[in-house]
Structure formats: structure tokens, C-alpha cells
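Content type PDB, C-alpha atoms, pLDDT in the B column, from the file structure_2.pdb:
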ATOM      1  CA  MET A 279       0.000   0.000   0.000  1.00 95.00           C
ATOM      2  CA  PHE A 280       0.997   3.591  -0.612  1.00 98.00           C
ATOM      3  CA  TYR A 281       0.007   6.353   1.765  1.00 98.00           C
ATOM      4  CA  VAL A 282      -0.501  10.061   1.313  1.00 98.00           C
ATOM      5  CA  TYR A 283      -0.178  11.952   4.561  1.00 97.00           C
ATOM      6  CA  VAL A 284      -0.338  15.450   5.968  1.00 96.00           C
ATOM      7  CA  LEU A 285       1.839  16.440   8.887  1.00 95.00           C
ATOM      8  CA  TYR A 286       1.285  19.407  11.151  1.00 93.00           C
ATOM      9  CA  SER A 287       3.761  21.278  13.326  1.00 94.00           C
ATOM     10  CA  LYS A 288       1.900  22.962  16.201  1.00 91.00           C
ATOM     11  CA  LYS A 289       5.049  24.785  17.247  1.00 93.00           C
ATOM     12  CA  HIS A 290       5.385  26.522  13.866  1.00 94.00           C
ATOM     13  CA  ASN A 291       1.799  26.229  12.530  1.00 92.00           C
ATOM     14  CA  ARG A 292       3.071  24.521   9.346  1.00 93.00           C
ATOM     15  CA  LYS A 293       1.772  21.646   7.254  1.00 94.00           C
ATOM     16  CA  TYR A 294       3.634  19.176   5.057  1.00 96.00           C
ATOM     17  CA  THR A 295       2.115  16.769   2.539  1.00 97.00           C
ATOM     18  CA  GLY A 296       3.961  13.666   1.412  1.00 97.00           C
ATOM     19  CA  MET A 297       3.746  10.073   0.206  1.00 97.00           C
ATOM     20  CA  THR A 298       5.278   6.882   1.615  1.00 98.00           C
ATOM     21  CA  ILE A 299       4.834   3.147   2.041  1.00 98.00           C
ATOM     22  CA  ASP A 300       5.543   3.309   5.814  1.00 97.00           C
ATOM     23  CA  ILE A 301       3.987   6.213   7.710  1.00 96.00           C
ATOM     24  CA  GLU A 302       5.543   5.412  11.103  1.00 96.00           C
ATOM     25  CA  ARG A 303       9.053   5.272   9.639  1.00 97.00           C
ATOM     26  CA  ARG A 304       8.484   8.433   7.643  1.00 97.00           C
ATOM     27  CA  LEU A 305       7.139  10.363  10.644  1.00 97.00           C
ATOM     28  CA  LYS A 306      10.180   9.277  12.636  1.00 96.00           C
ATOM     29  CA  GLU A 307      12.446  10.560   9.845  1.00 96.00           C
ATOM     30  CA  HIS A 308      10.676  13.921   9.879  1.00 96.00           C
ATOM     31  CA  ASN A 309      10.859  14.199  13.671  1.00 96.00           C
ATOM     32  CA  THR A 310      14.541  13.210  13.846  1.00 96.00           C
ATOM     33  CA  LYS A 311      15.285  15.952  11.297  1.00 94.00           C
ATOM     34  CA  GLN A 312      16.413  13.642   8.488  1.00 94.00           C
ATOM     35  CA  ASN A 313      14.343  15.530   5.912  1.00 89.00           C
ATOM     36  CA  LYS A 314      15.927  18.773   4.706  1.00 92.00           C
ATOM     37  CA  SER A 315      12.644  20.553   3.991  1.00 91.00           C
ATOM     38  CA  THR A 316      10.977  19.736   7.329  1.00 94.00           C
ATOM     39  CA  LYS A 317      13.804  19.604   9.884  1.00 93.00           C
ATOM     40  CA  ALA A 318      13.407  23.233  11.003  1.00 95.00           C
ATOM     41  CA  TYR A 319       9.757  22.686  11.923  1.00 95.00           C
ATOM     42  CA  ALA A 320       9.860  19.520  14.058  1.00 94.00           C
ATOM     43  CA  PRO A 321       8.061  18.076  15.940  1.00 96.00           C
ATOM     44  CA  TRP A 322       5.393  16.851  13.531  1.00 97.00           C
ATOM     45  CA  GLU A 323       2.161  14.911  13.985  1.00 95.00           C
ATOM     46  CA  VAL A 324       0.045  13.112  11.379  1.00 95.00           C
ATOM     47  CA  ILE A 325      -3.269  14.924  10.915  1.00 93.00           C
ATOM     48  CA  PHE A 326      -4.464  13.107   7.779  1.00 94.00           C
ATOM     49  CA  LYS A 327      -3.638   9.930   5.870  1.00 95.00           C
ATOM     50  CA  GLU A 328      -5.138   7.921   3.020  1.00 97.00           C
ATOM     51  CA  ALA A 329      -4.166   4.524   1.595  1.00 98.00           C
ATOM     52  CA  PHE A 330      -3.904   3.649  -2.103  1.00 98.00           C
ATOM     53  CA  LYS A 331      -3.174   0.420  -3.950  1.00 98.00           C
ATOM     54  CA  THR A 332      -0.828   1.976  -6.508  1.00 98.00           C
ATOM     55  CA  ARG A 333       1.919   4.568  -6.407  1.00 98.00           C
ATOM     56  CA  LEU A 334       0.262   6.400  -9.293  1.00 98.00           C
ATOM     57  CA  GLU A 335      -3.017   6.824  -7.391  1.00 98.00           C
ATOM     58  CA  ALA A 336      -1.149   8.062  -4.323  1.00 98.00           C
ATOM     59  CA  ARG A 337       0.930  10.504  -6.369  1.00 98.00           C
ATOM     60  CA  GLU A 338      -2.199  11.965  -7.995  1.00 98.00           C
ATOM     61  CA  ARG A 339      -3.805  12.471  -4.576  1.00 98.00           C
ATOM     62  CA  GLU A 340      -0.619  14.042  -3.210  1.00 98.00           C
ATOM     63  CA  LYS A 341      -0.561  16.474  -6.129  1.00 97.00           C
ATOM     64  CA  TYR A 342      -4.220  17.327  -5.492  1.00 97.00           C
ATOM     65  CA  LEU A 343      -3.616  17.983  -1.793  1.00 97.00           C
ATOM     66  CA  LYS A 344      -0.738  20.301  -2.691  1.00 97.00           C
ATOM     67  CA  SER A 345      -2.998  22.321  -5.011  1.00 96.00           C
ATOM     68  CA  GLY A 346      -5.039  25.307  -3.849  1.00 95.00           C
ATOM     69  CA  VAL A 347      -8.250  23.279  -3.629  1.00 95.00           C
ATOM     70  CA  GLY A 348      -6.449  20.487  -1.791  1.00 95.00           C
ATOM     71  CA  ARG A 349      -4.972  22.903   0.750  1.00 93.00           C
ATOM     72  CA  GLU A 350      -8.476  24.251   1.396  1.00 93.00           C
ATOM     73  CA  PHE A 351      -9.660  20.661   1.954  1.00 91.00           C
ATOM     74  CA  ILE A 352      -6.897  20.108   4.526  1.00 91.00           C
ATOM     75  CA  LYS A 353      -7.755  23.391   6.219  1.00 88.00           C
ATOM     76  CA  SER A 354     -11.414  22.312   6.478  1.00 86.00           C
ATOM     77  CA  LEU A 355     -10.316  19.091   8.200  1.00 76.00           C
ATOM     78  CA  GLN A 356      -8.365  21.068  10.798  1.00 66.00           C
ATOM     79  CA  LEU A 357     -11.345  23.328  11.464  1.00 60.00           C
ATOM     80  CA  GLN A 358     -13.570  20.292  12.040  1.00 59.00           C
ATOM     81  CA  GLU A 359     -11.157  18.995  14.695  1.00 59.00           C
ATOM     82  CA  ASN A 360     -11.302  22.238  16.710  1.00 51.00           C
TER      83      ASN A 360
END
In C-alpha cells, how does this file's structure come out?
Amino acid sequence: MFYVYVLYSKKHNRKYTGMTIDIERRLKEHNTKQNKSTKAYAPWEVIFKEAFKTRLEAREREKYLKSGVGREFIKSLQLQEN
């Protein structure tokens, strides 16, 4: 399975969208500052994830979530939690 995920840094009020086959490992990499683009904003928590059977499906969803409409979707999820 392939996963698309959204991370959130409460400390810096930042979000990061990515794709992986192992969410726990990937979150650990983000939080141990092994990712150049996210290391300054640790710690991270997973606020959204979806599973897909193919890498292509996951990549399309990741691209959507990184678009303007996708970012609005993620923002609406955060508002529902509060």
C-alpha cells in the first residue's frame, strides 16, 4: 500500500504533505530531522492519511492535496477537529 499523509507542526503552525509506504518510519524521519525541507519545523504529527493500492493513485492524490483546492480541503479538516 501507498500512503498520502499530511503532517502538522503545532510549534510553527506549518503543514507538510507527502507520500510513503511506511507512515511510522516516515514520521520518525521527519521528527529526527532527516528531511531537509521539514527539519526546522519539528516536531510533527500526522493529521491526515489515506491509503492507495498503486503509487500512481497516491501521487495523484498528493498532487491534489498540494494544489489550492487540496490545501483548502486540509484546512477544512483542521477546522472540524477544533
Proximity to Arg337 in chain A - best of A:Tyr283, A:Lys288, A:Val324, A:Asn309, only C-alpha atoms: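 Residue with the minimum atom-to-atom distance to Arg337 in chain A: A:Tyr283.
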Ground truth for the PyMOL selection byres ((chain A and resi 340) around 8), written as number ranges by chain: A: 282, 295-297, 336-339, 341-344
Distance of CA of Val347 in chain A from CA of Gln312 in chain A, expressed in Å to one decimal place: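 So the two atoms, CA of Gln312 in chain A and CA of Val347 in chain A, lie 29.1 Å apart.
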d(CA of Leu334 in chain A, CA of Trp322 in chain A) in Å: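 These atoms are spaced 25.6 Å apart.
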Let me know the centre plus edge lengths, in Å and rounded to one decimal, of a box with edges along x, y and z that contains all listed atoms of range 309-316 of chain A and is padded by 8 Å on every side, as AutoDock Vina command-line options.
--center_x 13.6 --center_y 16.9 --center_z 8.9 --size_x 21.6 --size_y 23.3 --size_z 25.9
Two-atom distance - CA of Ala318 in chain A, CA of Tyr286 in chain A (Å): 12.7 Å
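Proximity to Arg292 in chain A at 10 Å, evaluated using only C-alpha atoms and with sequence-adjacent residues fewer than 2 positions away removed, yields Leu285, Tyr286, Ser287, Lys288, Lys289, His290, Tyr294, Thr316, Tyr319, Ala320 and Trp322 of chain A.
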Can I get the selection written as a PDB file, keeping the file's coordinate frame, with C-alpha atoms?
ATOM      1  CA  LEU A 285       1.839  16.440   8.887  1.00 95.00           C
ATOM      2  CA  TYR A 286       1.285  19.407  11.151  1.00 93.00           C
ATOM      3  CA  SER A 287       3.761  21.278  13.326  1.00 94.00           C
ATOM      4  CA  LYS A 288       1.900  22.962  16.201  1.00 91.00           C
ATOM      5  CA  LYS A 289       5.049  24.785  17.247  1.00 93.00           C
ATOM      6  CA  HIS A 290       5.385  26.522  13.866  1.00 94.00           C
ATOM      7  CA  TYR A 294       3.634  19.176   5.057  1.00 96.00           C
ATOM      8  CA  THR A 316      10.977  19.736   7.329  1.00 94.00           C
ATOM      9  CA  TYR A 319       9.757  22.686  11.923  1.00 95.00           C
ATOM     10  CA  ALA A 320       9.860  19.520  14.058  1.00 94.00           C
ATOM     11  CA  TRP A 322       5.393  16.851  13.531  1.00 97.00           C
TER      12      TRP A 322
END
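Considering only C-alpha atoms, the residue among A:Arg303, A:Lys353, A:Lys293, A:Lys311 positioned nearest to Glu323 in chain A is A:Lys293.
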Counting all atoms listed in the file, the residue of A:Val284, A:Thr310, A:Glu335, A:Met279 that sits nearest Arg349 in chain A: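 Ranked by minimum distance to Arg349 in chain A, first place goes to A:Val284.
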